[in-house]
Structure formats: C-alpha cells, structure tokens
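All remarks here apply to the structure that follows.
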Amino acid sequence: MAEQRSGSTEAASNVRERPIVESGSAVKARGLEGVIALESEICFIDGQAGVLVYRGYDIHDLAENTCFEETAYLLWNGRLPNHAELDDLNETLRRERPVPERIIDLLRAAPADASPTAVLRTATSALAHFDPEADDMSPESNYRKSVRLQAKIPTVIAAHGRLRKGQEPVAPLQEGSIAHEFLYMLNGEQPGRAAERTFDACLVLHAEHGLNASTFAGRVIGSTLSDIYSAVTGAIGALKGPLHGGANIGVIRMLLEINKSGLDPAEHVKDKLSRKERVMGFGHRVYKTLDPRAAILREMMEELSEERGERAWYDMTAKIVDTMEGEKGLYANVDFFSASVYYMLGIDPDLYTPIFALSRTAGWTAHLLEQWTENRLIRPRAEYVGPRGLKVPHIQDR
Ligand code: ACO
C-alpha cells in the first residue's frame with residue numbers, strides 16, 4: 001500500500017501544475033482538477049504512463065486472470081478470494097439476484113421511452129424500501145448490502161430492458177456468473193461462452209477508477225452518514241452525464257450515424273472539431289496518454305469484428321482514433337471501445353450506461369465501505385464572487 005500511496009502522490013503532482021491557485025490557506029482548482037481530496041487504498045492511476053491498478057494488481061492481469069466476482073471481492077476486501085470464499089460470494093450473489101415484485105411493477109410503470117439509466121437510478125433508490133437493514137450502518141450490514149446491490153442491479157437493468165420492448169422479464173437462473181445471468185435475463189437465452197467471457201472482461205475493466213465524478217458523488221453522500229442506497233443512487237445520477245458514463249451512448253450514436261450515412265469517419269470528426277463540438281469517447285481528466293482499459297477493449301473489439309465479419313466497423317473506429325490523435329492529441333477513453341464491444345454483443349445502445357453502473361457498483365460500494373472506516377464529512381467551500389452590501393428594495397420598486 002505504501003507503494004500505491006507514493007505513486008498516487010507522484011501522479012497527482014503531474015496534474016497539479018495547471019489549474020490550482022493557492023489563496024491563503026485555501027486552494028482553488030476548477031473542476032477540482034489535481035486536488036487530493038482523501039487517501040484511498042483501492043485504486044492507483046498513473047495518467048502519464050497509462051497505468052491502472054486495483055488494490056495493487058495491474059488491470060491487464062485482472063482482465064486476463066480474474067472474473068468479475070473475484071474483482072468485486074478484491075475491491076471490497078483488499079485481497080483476492082480463495083476458492084471457498086469465491087464460492088461463498090457466488091452463492092450469496094445468486095440467492096440475492098431476484099428483486100421484489102413491486103420493483104418489477106415500478107419498472108413496468110416507467111414510460112417506454114424513459115432513459116434506462118434514469119429508471120435504474122429510480123429503482124436503486126426504491127430497493128432500499130424493501131431492505132429491512134437499509135439504514136443499519138454497521139460494517140457487516142454495509143458489506144451485505146454491497147453484495148446485495150451488486151446482485152440486484154443486473155436483474156433490474158435486464159428486466160427493464162425487456163419490459164420497455166413489451167417483453168416479460170426473465171427470472172434469474174440463480175446458477176451462473178453475473179455476466180452469464182445478465183445476458184440470459186436480458187435476451188431470454190443463454191449466452192455463448194465467448195460472449196459471456198467478453199462481457200465479463202468488460203465488467204472487470206469498468207469496475208473501479210479512483211475518485212471519478214460518480215465515485216466522488218457517492219463518497220460525498222456517504223460522508224454525511226446517509227445510507228448505501230442513497231449513495232449508489234447519487235453515483236448513478238452522476239454517471240448518467242454525457243461527460244462521464246453517458247459518453248458511451250454518444251459514441252455509439254456517432255458510429256451508427258457514420259456507418260449508416262457512409263460519411264468519411266475522418267471528415268466527420270474534423271467537421272465536429274471545427275464546430276468546437278466534443279467527440280464522445282475521447283479525452284480524460286487523468287489520462288494524458290492511452291487509457292489502458294481502452295487498449296484492452298480495442299483488442300477485444302478487433303477480435304470480435306474479425307469473428308463477426310465486421311472488419312469495416314473496426315476500420316471506421318481506427319480512423320476516428322487516428323484523426324483525434326492527429327488533430328487534437330486526444331486519446332480514446334474506455335467509453336469509445338466499450339460502445340463497439342457492446343454493439344458487437346448485440347446490446348441496445350441506451351443500456352451501455354446502465355451496464356457501466358452494473359460494473360461500477362463494485363467500485364462505488366468498495367469506496368463507501370472505505371469511507372465509513374474513518375469517516376469525515378466531505379465539505380469544500382466556494383469562493384464567493386457575487387455582490388455584497390445590497391439592500392432589499394420594496395417589491396414594487398424592483
Ligand atoms: N472532443 C473534443 N475536444 C475535447 C474533447 C473531446 N472529447 N475532450 C477535451 N477536449 C478539448 C476541450 O475542448 C479543450 O480544448 P480547448 O483547450 O481548446 O478549449 C481541451 O480539450 C481540454 O478540455 P477540458 O474539458 O478542460 O478537459 P477536462 O479534463 O475537463 O475533460 C472530459 C475531460 C470531460 C472527459 C473531456 O475530455 C470530454 O468532454 N470528453 C468527451 C466525453 C467523454 O468521452 N467522457 C468519458 C470520460 S471517461 C469516463 O468518464 C468513464
């Protein structure tokens with residue numbers, strides 16, 4: 001852990017230079033860029049070198065050699081599970097997978113065109129009403145609820161994914177992995193081994209990413225000693241934004257538009273840039289080089305596109321990547337390639353952000369468990385730049 005801590009300080013010092021202004025004892029940084037808000041043992045990112053580490057393990061190693069459940073256990077407990085511990089976790093996850101019928105009724109009540117991320121946010125909040133220990137703040141209870149949320153969120157997303165198309169939800173088999181069960185509940189048929197493995201690796205890659213906007217939002221809520229459902233609901237709200245997890249939906253819309261219209265991908269992107277528009281799936285607050293998750297996903301996507309005879313899709317994305325690097329020096333982030341991987345797996349575009357939430361639930365809840373081990377209210381200040389000394393005029397004089 002000492003290594004991680006000194007590493008994070010080093011990475012932080014790299015990004016500190018630009019935006020921080022010291023004024024007296026206070027520090028100003030737009031968007032809190034480069035600010036170290038707390039110490040954490042969960043995730044190390046070196047944005048200059050493109051390194052991502054969960055609890056001491058490099059993301060490449062984890063993506064290749066662990067399943068999502070092992071990664072979640074690692075994030076929650078700080079160490080990898082042995083066989084018995086993993087079996088135990090899987091058994092609990094399977095038992096906890098079904099959601100109350102009244103949650104299904106709530107999903108049924110959502111308008112057909114409601115955003116699946118917004119519906120997930122509402123349902124996550126509602127799950128608290130059916131959990132008798134929702135407000136129990138003991139560490140044991142919060143751990144149990146982390147596992148429970150991780151088990152139920154996939155069921156909610158899959159059930160809503162079907163209901164909005166007029167299909168009945170498919171009950172979980174309560175047998176397989178989260179990846180297997182989610183794809184089964186969503187599609188109503190068992191996924192092939194390759195699809196399950198690819199999806200599982202995507203879950204590992206999205207599970208955790210330090211103090212990103214949604215995790216920070218969750219920790220802020222947790223720091224008030226509010227309950228875990230409130231914190232995860234708030235985190236989903238933050239993830240929904242197009243500058244964060246919502247970017248993967250923007251990416252697929254752009255790719256589909258280029259693909260359908262036959263536009264030249266490079267020209268399309270240049271045109272966007274000339275209009276000062278953001279190209280979704282590029283740029284990152286912390287990475288100033290290629291996001292290591294994007295590198296892994298790019299390989300996965302290339303394999304999938306070969307397998308499915310969709311090489312043209314891969315070539316289109318490669319052209320966009322080259323243009324963005326050449327024109328703006330901006331690298332692809334995790335959302336750029338995950339969008340294409342999910343597209344190849346046949347998943348509806350507006351489910352990409354909820355799937356991100358499914359995976360990031362492991363990271364959010366790990367951060368909340370950590371927050372509550374040594375809680376301090378997170379409460380920064382704003383510098384007041386408005387007028388002073390005004391007098392209230394009579395309402396008729398305004
Ligand atoms: N497309 C075009 N220009 C961009 C992009 C982009 N995707 N990203 C950054 N820039 C440009 C900005 O316009 C700005 O240019 P300027 O200095 O000429 O005005 C410069 O790069 C710096 O941009 P900032 O917004 O200050 O950088 P910040 O660190 O705040 O932004 C962010 C990070 C929000 C991710 C940004 O890169 C972005 O909007 N990307 C697109 C959305 C996206 O893909 N989000 C997912 C991020 S990963 C995740 O959350 C899982």
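Letters A, B, ... go to the chains of the structure tokens in the order shown; residues in each chain start at 1; ligands are counted from 1 in the same order.
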Which residues are near ligand 1 - at most 10 Å, using only C-alpha atoms and all ligand atoms? Format: as a PDB file with N, CA, C and O atoms, in the first residue's frame.
ATOM      1  N   PRO A  19      -4.104  23.998 -12.934  1.00  0.00           N
ATOM      2  CA  PRO A  19      -5.256  24.785 -12.546  1.00  0.00           C
ATOM      3  C   PRO A  19      -5.293  25.266 -11.102  1.00  0.00           C
ATOM      4  O   PRO A  19      -6.171  26.038 -10.751  1.00  0.00           O
ATOM      5  N   ARG A  30     -10.407  24.605 -10.652  1.00  0.00           N
ATOM      6  CA  ARG A  30     -11.665  24.429 -11.392  1.00  0.00           C
ATOM      7  C   ARG A  30     -11.888  22.955 -11.632  1.00  0.00           C
ATOM      8  O   ARG A  30     -10.992  22.240 -12.062  1.00  0.00           O
ATOM      9  N   GLY A  31     -13.085  22.508 -11.325  1.00  0.00           N
ATOM     10  CA  GLY A  31     -13.396  21.089 -11.502  1.00  0.00           C
ATOM     11  C   GLY A  31     -12.605  20.212 -10.538  1.00  0.00           C
ATOM     12  O   GLY A  31     -12.501  19.010 -10.760  1.00  0.00           O
ATOM     13  N   LEU A  32     -12.039  20.815  -9.495  1.00  0.00           N
ATOM     14  CA  LEU A  32     -11.214  20.092  -8.501  1.00  0.00           C
ATOM     15  C   LEU A  32     -10.049  19.347  -9.158  1.00  0.00           C
ATOM     16  O   LEU A  32      -9.523  18.387  -8.594  1.00  0.00           O
ATOM     17  N   GLU A  33      -9.631  19.790 -10.347  1.00  0.00           N
ATOM     18  CA  GLU A  33      -8.551  19.089 -11.055  1.00  0.00           C
ATOM     19  C   GLU A  33      -7.265  19.084 -10.229  1.00  0.00           C
ATOM     20  O   GLU A  33      -6.820  20.117  -9.742  1.00  0.00           O
ATOM     21  N   HIS A 206     -14.442  -2.030 -16.070  1.00  0.00           N
ATOM     22  CA  HIS A 206     -15.201  -0.841 -15.651  1.00  0.00           C
ATOM     23  C   HIS A 206     -15.449  -0.791 -14.138  1.00  0.00           C
ATOM     24  O   HIS A 206     -16.115   0.127 -13.667  1.00  0.00           O
ATOM     25  N   GLU A 208     -13.798  -0.137 -11.431  1.00  0.00           N
ATOM     26  CA  GLU A 208     -13.266   0.832 -10.467  1.00  0.00           C
ATOM     27  C   GLU A 208     -12.372   1.834 -11.188  1.00  0.00           C
ATOM     28  O   GLU A 208     -11.688   1.487 -12.147  1.00  0.00           O
ATOM     29  N   HIS A 209     -12.395   3.087 -10.727  1.00  0.00           N
ATOM     30  CA  HIS A 209     -11.498   4.063 -11.335  1.00  0.00           C
ATOM     31  C   HIS A 209     -11.251   5.254 -10.427  1.00  0.00           C
ATOM     32  O   HIS A 209     -11.425   6.419 -10.832  1.00  0.00           O
ATOM     33  N   ASN A 212     -13.305   9.240  -9.519  1.00  0.00           N
ATOM     34  CA  ASN A 212     -14.023   9.836 -10.651  1.00  0.00           C
ATOM     35  C   ASN A 212     -15.304  10.509 -10.150  1.00  0.00           C
ATOM     36  O   ASN A 212     -15.682  10.362  -8.988  1.00  0.00           O
ATOM     37  N   ALA A 213     -16.018  11.198 -11.052  1.00  0.00           N
ATOM     38  CA  ALA A 213     -17.155  12.018 -10.613  1.00  0.00           C
ATOM     39  C   ALA A 213     -18.232  11.211  -9.868  1.00  0.00           C
ATOM     40  O   ALA A 213     -18.745  11.657  -8.836  1.00  0.00           O
ATOM     41  N   SER A 214     -18.580  10.027 -10.375  1.00  0.00           N
ATOM     42  CA  SER A 214     -19.660   9.279  -9.713  1.00  0.00           C
ATOM     43  C   SER A 214     -19.203   8.710  -8.369  1.00  0.00           C
ATOM     44  O   SER A 214     -19.970   8.716  -7.391  1.00  0.00           O
ATOM     45  N   ALA A 238     -24.725  10.735 -11.220  1.00  0.00           N
ATOM     46  CA  ALA A 238     -23.508  11.386 -11.751  1.00  0.00           C
ATOM     47  C   ALA A 238     -22.990  10.642 -12.984  1.00  0.00           C
ATOM     48  O   ALA A 238     -22.541  11.253 -13.950  1.00  0.00           O
ATOM     49  N   LEU A 239     -23.073   9.319 -12.934  1.00  0.00           N
ATOM     50  CA  LEU A 239     -22.563   8.523 -14.070  1.00  0.00           C
ATOM     51  C   LEU A 239     -23.351   8.809 -15.350  1.00  0.00           C
ATOM     52  O   LEU A 239     -22.819   8.721 -16.462  1.00  0.00           O
ATOM     53  N   LYS A 240     -24.630   9.144 -15.180  1.00  0.00           N
ATOM     54  CA  LYS A 240     -25.534   9.338 -16.335  1.00  0.00           C
ATOM     55  C   LYS A 240     -25.073  10.465 -17.277  1.00  0.00           C
ATOM     56  O   LYS A 240     -25.380  10.451 -18.472  1.00  0.00           O
ATOM     57  N   GLY A 241     -24.328  11.424 -16.771  1.00  0.00           N
ATOM     58  CA  GLY A 241     -23.955  12.595 -17.582  1.00  0.00           C
ATOM     59  C   GLY A 241     -23.095  12.242 -18.783  1.00  0.00           C
ATOM     60  O   GLY A 241     -22.237  11.355 -18.706  1.00  0.00           O
ATOM     61  N   PRO A 242     -23.298  12.954 -19.918  1.00  0.00           N
ATOM     62  CA  PRO A 242     -22.527  12.643 -21.134  1.00  0.00           C
ATOM     63  C   PRO A 242     -21.031  12.900 -21.012  1.00  0.00           C
ATOM     64  O   PRO A 242     -20.258  12.385 -21.820  1.00  0.00           O
ATOM     65  N   LEU A 243     -20.594  13.679 -20.011  1.00  0.00           N
ATOM     66  CA  LEU A 243     -19.146  13.846 -19.844  1.00  0.00           C
ATOM     67  C   LEU A 243     -18.538  12.690 -19.050  1.00  0.00           C
ATOM     68  O   LEU A 243     -17.322  12.585 -18.901  1.00  0.00           O
ATOM     69  N   HIS A 244     -19.390  11.824 -18.488  1.00  0.00           N
ATOM     70  CA  HIS A 244     -18.894  10.691 -17.688  1.00  0.00           C
ATOM     71  C   HIS A 244     -19.416   9.409 -18.345  1.00  0.00           C
ATOM     72  O   HIS A 244     -19.163   9.184 -19.523  1.00  0.00           O
ATOM     73  N   GLY A 245     -20.146   8.569 -17.613  1.00  0.00           N
ATOM     74  CA  GLY A 245     -20.547   7.258 -18.161  1.00  0.00           C
ATOM     75  C   GLY A 245     -21.511   7.352 -19.326  1.00  0.00           C
ATOM     76  O   GLY A 245     -21.618   6.412 -20.129  1.00  0.00           O
ATOM     77  N   GLY A 246     -22.224   8.474 -19.418  1.00  0.00           N
ATOM     78  CA  GLY A 246     -23.178   8.639 -20.514  1.00  0.00           C
ATOM     79  C   GLY A 246     -22.498   8.782 -21.869  1.00  0.00           C
ATOM     80  O   GLY A 246     -23.157   8.720 -22.913  1.00  0.00           O
ATOM     81  N   ALA A 247     -21.166   8.951 -21.864  1.00  0.00           N
ATOM     82  CA  ALA A 247     -20.449   9.154 -23.134  1.00  0.00           C
ATOM     83  C   ALA A 247     -20.563   7.939 -24.051  1.00  0.00           C
ATOM     84  O   ALA A 247     -20.563   8.084 -25.275  1.00  0.00           O
ATOM     85  N   ASN A 248     -20.690   6.731 -23.476  1.00  0.00           N
ATOM     86  CA  ASN A 248     -20.711   5.545 -24.349  1.00  0.00           C
ATOM     87  C   ASN A 248     -21.943   5.530 -25.269  1.00  0.00           C
ATOM     88  O   ASN A 248     -21.893   5.002 -26.374  1.00  0.00           O
ATOM     89  N   ILE A 249     -23.022   6.165 -24.810  1.00  0.00           N
ATOM     90  CA  ILE A 249     -24.219   6.239 -25.664  1.00  0.00           C
ATOM     91  C   ILE A 249     -23.958   7.236 -26.810  1.00  0.00           C
ATOM     92  O   ILE A 249     -24.310   6.990 -27.966  1.00  0.00           O
ATOM     93  N   GLY A 250     -23.288   8.361 -26.480  1.00  0.00           N
ATOM     94  CA  GLY A 250     -22.928   9.343 -27.506  1.00  0.00           C
ATOM     95  C   GLY A 250     -22.008   8.719 -28.553  1.00  0.00           C
ATOM     96  O   GLY A 250     -22.130   8.993 -29.754  1.00  0.00           O
ATOM     97  N   VAL A 251     -21.094   7.855 -28.097  1.00  0.00           N
ATOM     98  CA  VAL A 251     -20.156   7.206 -29.024  1.00  0.00           C
ATOM     99  C   VAL A 251     -20.916   6.343 -30.028  1.00  0.00           C
ATOM    100  O   VAL A 251     -20.730   6.467 -31.245  1.00  0.00           O
ATOM    101  N   VAL A 269     -15.342  13.634 -38.101  1.00  0.00           N
ATOM    102  CA  VAL A 269     -14.748  14.066 -36.836  1.00  0.00           C
ATOM    103  C   VAL A 269     -14.128  15.458 -36.973  1.00  0.00           C
ATOM    104  O   VAL A 269     -14.297  16.320 -36.105  1.00  0.00           O
ATOM    105  N   LYS A 270     -13.436  15.683 -38.082  1.00  0.00           N
ATOM    106  CA  LYS A 270     -12.815  17.012 -38.300  1.00  0.00           C
ATOM    107  C   LYS A 270     -13.898  18.092 -38.322  1.00  0.00           C
ATOM    108  O   LYS A 270     -13.707  19.190 -37.797  1.00  0.00           O
ATOM    109  N   LYS A 272     -16.775  18.022 -36.797  1.00  0.00           N
ATOM    110  CA  LYS A 272     -17.224  18.249 -35.414  1.00  0.00           C
ATOM    111  C   LYS A 272     -16.240  19.172 -34.692  1.00  0.00           C
ATOM    112  O   LYS A 272     -16.619  20.112 -34.008  1.00  0.00           O
ATOM    113  N   LEU A 273     -14.952  18.858 -34.857  1.00  0.00           N
ATOM    114  CA  LEU A 273     -13.929  19.653 -34.166  1.00  0.00           C
ATOM    115  C   LEU A 273     -13.952  21.093 -34.644  1.00  0.00           C
ATOM    116  O   LEU A 273     -13.804  22.025 -33.849  1.00  0.00           O
ATOM    117  N   SER A 274     -14.171  21.268 -35.951  1.00  0.00           N
ATOM    118  CA  SER A 274     -14.168  22.650 -36.482  1.00  0.00           C
ATOM    119  C   SER A 274     -15.355  23.424 -35.910  1.00  0.00           C
ATOM    120  O   SER A 274     -15.311  24.643 -35.815  1.00  0.00           O
ATOM    121  N   ARG A 275     -16.418  22.704 -35.534  1.00  0.00           N
ATOM    122  CA  ARG A 275     -17.570  23.384 -34.920  1.00  0.00           C
ATOM    123  C   ARG A 275     -17.440  23.441 -33.397  1.00  0.00           C
ATOM    124  O   ARG A 275     -18.385  23.722 -32.686  1.00  0.00           O
ATOM    125  N   LYS A 276     -16.247  23.087 -32.892  1.00  0.00           N
ATOM    126  CA  LYS A 276     -15.942  23.104 -31.450  1.00  0.00           C
ATOM    127  C   LYS A 276     -16.837  22.135 -30.675  1.00  0.00           C
ATOM    128  O   LYS A 276     -17.136  22.351 -29.499  1.00  0.00           O
ATOM    129  N   GLU A 277     -17.283  21.091 -31.340  1.00  0.00           N
ATOM    130  CA  GLU A 277     -18.092  20.078 -30.643  1.00  0.00           C
ATOM    131  C   GLU A 277     -17.170  19.053 -30.007  1.00  0.00           C
ATOM    132  O   GLU A 277     -16.088  18.782 -30.526  1.00  0.00           O
ATOM    133  N   ARG A 278     -17.615  18.454 -28.936  1.00  0.00           N
ATOM    134  CA  ARG A 278     -16.829  17.375 -28.312  1.00  0.00           C
ATOM    135  C   ARG A 278     -17.102  16.067 -29.024  1.00  0.00           C
ATOM    136  O   ARG A 278     -18.240  15.786 -29.383  1.00  0.00           O
ATOM    137  N   VAL A 279     -16.077  15.288 -29.195  1.00  0.00           N
ATOM    138  CA  VAL A 279     -16.251  13.965 -29.775  1.00  0.00           C
ATOM    139  C   VAL A 279     -16.270  12.989 -28.602  1.00  0.00           C
ATOM    140  O   VAL A 279     -15.277  12.857 -27.879  1.00  0.00           O
ATOM    141  N   MET A 280     -17.411  12.348 -28.422  1.00  0.00           N
ATOM    142  CA  MET A 280     -17.579  11.478 -27.251  1.00  0.00           C
ATOM    143  C   MET A 280     -16.622  10.280 -27.333  1.00  0.00           C
ATOM    144  O   MET A 280     -16.362   9.754 -28.419  1.00  0.00           O
ATOM    145  N   GLY A 281     -16.101   9.888 -26.151  1.00  0.00           N
ATOM    146  CA  GLY A 281     -15.189   8.743 -26.122  1.00  0.00           C
ATOM    147  C   GLY A 281     -13.725   9.136 -26.257  1.00  0.00           C
ATOM    148  O   GLY A 281     -12.852   8.284 -26.361  1.00  0.00           O
ATOM    149  N   PHE A 282     -13.459  10.454 -26.239  1.00  0.00           N
ATOM    150  CA  PHE A 282     -12.066  10.921 -26.312  1.00  0.00           C
ATOM    151  C   PHE A 282     -11.780  11.902 -25.186  1.00  0.00           C
ATOM    152  O   PHE A 282     -12.665  12.651 -24.771  1.00  0.00           O
ATOM    153  N   GLY A 283     -10.525  11.882 -24.742  1.00  0.00           N
ATOM    154  CA  GLY A 283     -10.097  12.795 -23.685  1.00  0.00           C
ATOM    155  C   GLY A 283     -10.390  12.201 -22.319  1.00  0.00           C
ATOM    156  O   GLY A 283     -11.258  11.331 -22.160  1.00  0.00           O
ATOM    157  N   HIS A 284      -9.626  12.641 -21.349  1.00  0.00           N
ATOM    158  CA  HIS A 284      -9.813  12.151 -19.975  1.00  0.00           C
ATOM    159  C   HIS A 284      -9.187  13.128 -19.015  1.00  0.00           C
ATOM    160  O   HIS A 284      -8.136  13.707 -19.327  1.00  0.00           O
ATOM    161  N   ARG A 285      -9.808  13.320 -17.877  1.00  0.00           N
ATOM    162  CA  ARG A 285      -9.253  14.239 -16.889  1.00  0.00           C
ATOM    163  C   ARG A 285      -7.897  13.757 -16.373  1.00  0.00           C
ATOM    164  O   ARG A 285      -6.989  14.557 -16.118  1.00  0.00           O
ATOM    165  N   VAL A 286      -7.724  12.466 -16.218  1.00  0.00           N
ATOM    166  CA  VAL A 286      -6.487  11.959 -15.607  1.00  0.00           C
ATOM    167  C   VAL A 286      -5.502  11.407 -16.648  1.00  0.00           C
ATOM    168  O   VAL A 286      -4.310  11.676 -16.581  1.00  0.00           O
ATOM    169  N   TYR A 287      -5.990  10.632 -17.618  1.00  0.00           N
ATOM    170  CA  TYR A 287      -5.071  10.053 -18.602  1.00  0.00           C
ATOM    171  C   TYR A 287      -4.632  11.093 -19.622  1.00  0.00           C
ATOM    172  O   TYR A 287      -5.464  11.724 -20.265  1.00  0.00           O
ATOM    173  N   LYS A 288      -3.327  11.236 -19.776  1.00  0.00           N
ATOM    174  CA  LYS A 288      -2.801  12.106 -20.819  1.00  0.00           C
ATOM    175  C   LYS A 288      -2.137  11.246 -21.890  1.00  0.00           C
ATOM    176  O   LYS A 288      -1.365  11.700 -22.717  1.00  0.00           O
ATOM    177  N   ASP A 291      -5.742   5.409 -22.414  1.00  0.00           N
ATOM    178  CA  ASP A 291      -6.388   4.754 -21.272  1.00  0.00           C
ATOM    179  C   ASP A 291      -6.125   3.246 -21.402  1.00  0.00           C
ATOM    180  O   ASP A 291      -6.451   2.650 -22.438  1.00  0.00           O
ATOM    181  N   ALA A 294      -8.925   1.195 -22.570  1.00  0.00           N
ATOM    182  CA  ALA A 294      -9.259   1.346 -23.997  1.00  0.00           C
ATOM    183  C   ALA A 294      -8.363   0.434 -24.837  1.00  0.00           C
ATOM    184  O   ALA A 294      -8.820  -0.160 -25.820  1.00  0.00           O
ATOM    185  N   MET A 324      -8.416  11.803 -34.235  1.00  0.00           N
ATOM    186  CA  MET A 324      -8.441  12.529 -32.959  1.00  0.00           C
ATOM    187  C   MET A 324      -7.033  12.728 -32.396  1.00  0.00           C
ATOM    188  O   MET A 324      -6.709  13.780 -31.854  1.00  0.00           O
ATOM    189  N   GLU A 327      -5.323  15.340 -34.936  1.00  0.00           N
ATOM    190  CA  GLU A 327      -5.879  16.704 -34.960  1.00  0.00           C
ATOM    191  C   GLU A 327      -5.810  17.395 -33.606  1.00  0.00           C
ATOM    192  O   GLU A 327      -5.616  18.590 -33.513  1.00  0.00           O
ATOM    193  N   LYS A 328      -6.081  16.614 -32.527  1.00  0.00           N
ATOM    194  CA  LYS A 328      -6.228  17.249 -31.204  1.00  0.00           C
ATOM    195  C   LYS A 328      -5.287  16.691 -30.146  1.00  0.00           C
ATOM    196  O   LYS A 328      -5.273  17.165 -29.004  1.00  0.00           O
ATOM    197  N   GLY A 329      -4.535  15.635 -30.501  1.00  0.00           N
ATOM    198  CA  GLY A 329      -3.689  14.975 -29.490  1.00  0.00           C
ATOM    199  C   GLY A 329      -4.531  14.353 -28.382  1.00  0.00           C
ATOM    200  O   GLY A 329      -4.088  14.226 -27.246  1.00  0.00           O
ATOM    201  N   LEU A 330      -5.774  13.953 -28.720  1.00  0.00           N
ATOM    202  CA  LEU A 330      -6.649  13.340 -27.714  1.00  0.00           C
ATOM    203  C   LEU A 330      -6.751  11.841 -27.958  1.00  0.00           C
ATOM    204  O   LEU A 330      -6.913  11.394 -29.096  1.00  0.00           O
ATOM    205  N   TYR A 331      -6.658  11.075 -26.870  1.00  0.00           N
ATOM    206  CA  TYR A 331      -6.700   9.612 -26.970  1.00  0.00           C
ATOM    207  C   TYR A 331      -8.097   9.095 -26.641  1.00  0.00           C
ATOM    208  O   TYR A 331      -8.856   9.748 -25.902  1.00  0.00           O
ATOM    209  N   ALA A 332      -8.375   7.905 -27.156  1.00  0.00           N
ATOM    210  CA  ALA A 332      -9.666   7.265 -26.855  1.00  0.00           C
ATOM    211  C   ALA A 332      -9.714   6.903 -25.380  1.00  0.00           C
ATOM    212  O   ALA A 332      -8.698   6.527 -24.789  1.00  0.00           O
ATOM    213  N   ASN A 333     -10.881   7.009 -24.780  1.00  0.00           N
ATOM    214  CA  ASN A 333     -11.052   6.547 -23.396  1.00  0.00           C
ATOM    215  C   ASN A 333     -11.869   5.249 -23.400  1.00  0.00           C
ATOM    216  O   ASN A 333     -12.248   4.739 -24.455  1.00  0.00           O
ATOM    217  N   VAL A 334     -12.149   4.735 -22.207  1.00  0.00           N
ATOM    218  CA  VAL A 334     -12.810   3.429 -22.070  1.00  0.00           C
ATOM    219  C   VAL A 334     -14.137   3.374 -22.823  1.00  0.00           C
ATOM    220  O   VAL A 334     -14.515   2.351 -23.393  1.00  0.00           O
ATOM    221  N   ASP A 335     -14.847   4.516 -22.864  1.00  0.00           N
ATOM    222  CA  ASP A 335     -16.181   4.522 -23.466  1.00  0.00           C
ATOM    223  C   ASP A 335     -16.147   4.334 -24.979  1.00  0.00           C
ATOM    224  O   ASP A 335     -17.098   3.830 -25.563  1.00  0.00           O
ATOM    225  N   PHE A 336     -15.047   4.760 -25.602  1.00  0.00           N
ATOM    226  CA  PHE A 336     -15.017   4.690 -27.063  1.00  0.00           C
ATOM    227  C   PHE A 336     -15.072   3.233 -27.529  1.00  0.00           C
ATOM    228  O   PHE A 336     -15.847   2.873 -28.410  1.00  0.00           O
ATOM    229  N   THR A 353     -24.828   2.646 -20.580  1.00  0.00           N
ATOM    230  CA  THR A 353     -24.523   3.346 -19.320  1.00  0.00           C
ATOM    231  C   THR A 353     -25.022   2.547 -18.105  1.00  0.00           C
ATOM    232  O   THR A 353     -24.284   2.421 -17.119  1.00  0.00           O
ATOM    233  N   PHE A 356     -22.514   0.013 -17.416  1.00  0.00           N
ATOM    234  CA  PHE A 356     -21.360   0.641 -16.741  1.00  0.00           C
ATOM    235  C   PHE A 356     -21.669   0.716 -15.227  1.00  0.00           C
ATOM    236  O   PHE A 356     -20.840   0.370 -14.378  1.00  0.00           O
TER     237      PHE A 356
END
Per-residue nearest contacts of range 188-239 of chain A to range 64-87 of chain A (7 Å; only C-alpha atoms) as JSON lines:
{"residue": "A:Asp200", "atom": "CA", "partner": "A:Phe68", "partner_atom": "CA", "distance": 5.9}
{"residue": "A:Leu203", "atom": "CA", "partner": "A:Phe68", "partner_atom": "CA", "distance": 6.0}
{"residue": "A:Val204", "atom": "CA", "partner": "A:Phe68", "partner_atom": "CA", "distance": 5.0}
| request: May I ask for the distance between CA of Thr117 in chain A and CA of Ile355 in chain A, given in Å to one decimal place? | output: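 These two atoms are separated by 9.0 Å.
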| said: Under the rule that only C-alpha atoms are counted, which of A:Gln371, A:Ser305, A:Thr198, A:Gln396 is the nearest residue to Ile228 in chain A? | reply: A:Gln371
| task | Work out how far apart CA of Ala362 in chain A and CA of Val321 in chain A are and give it in Å to one decimal. | result | 29.7 Å
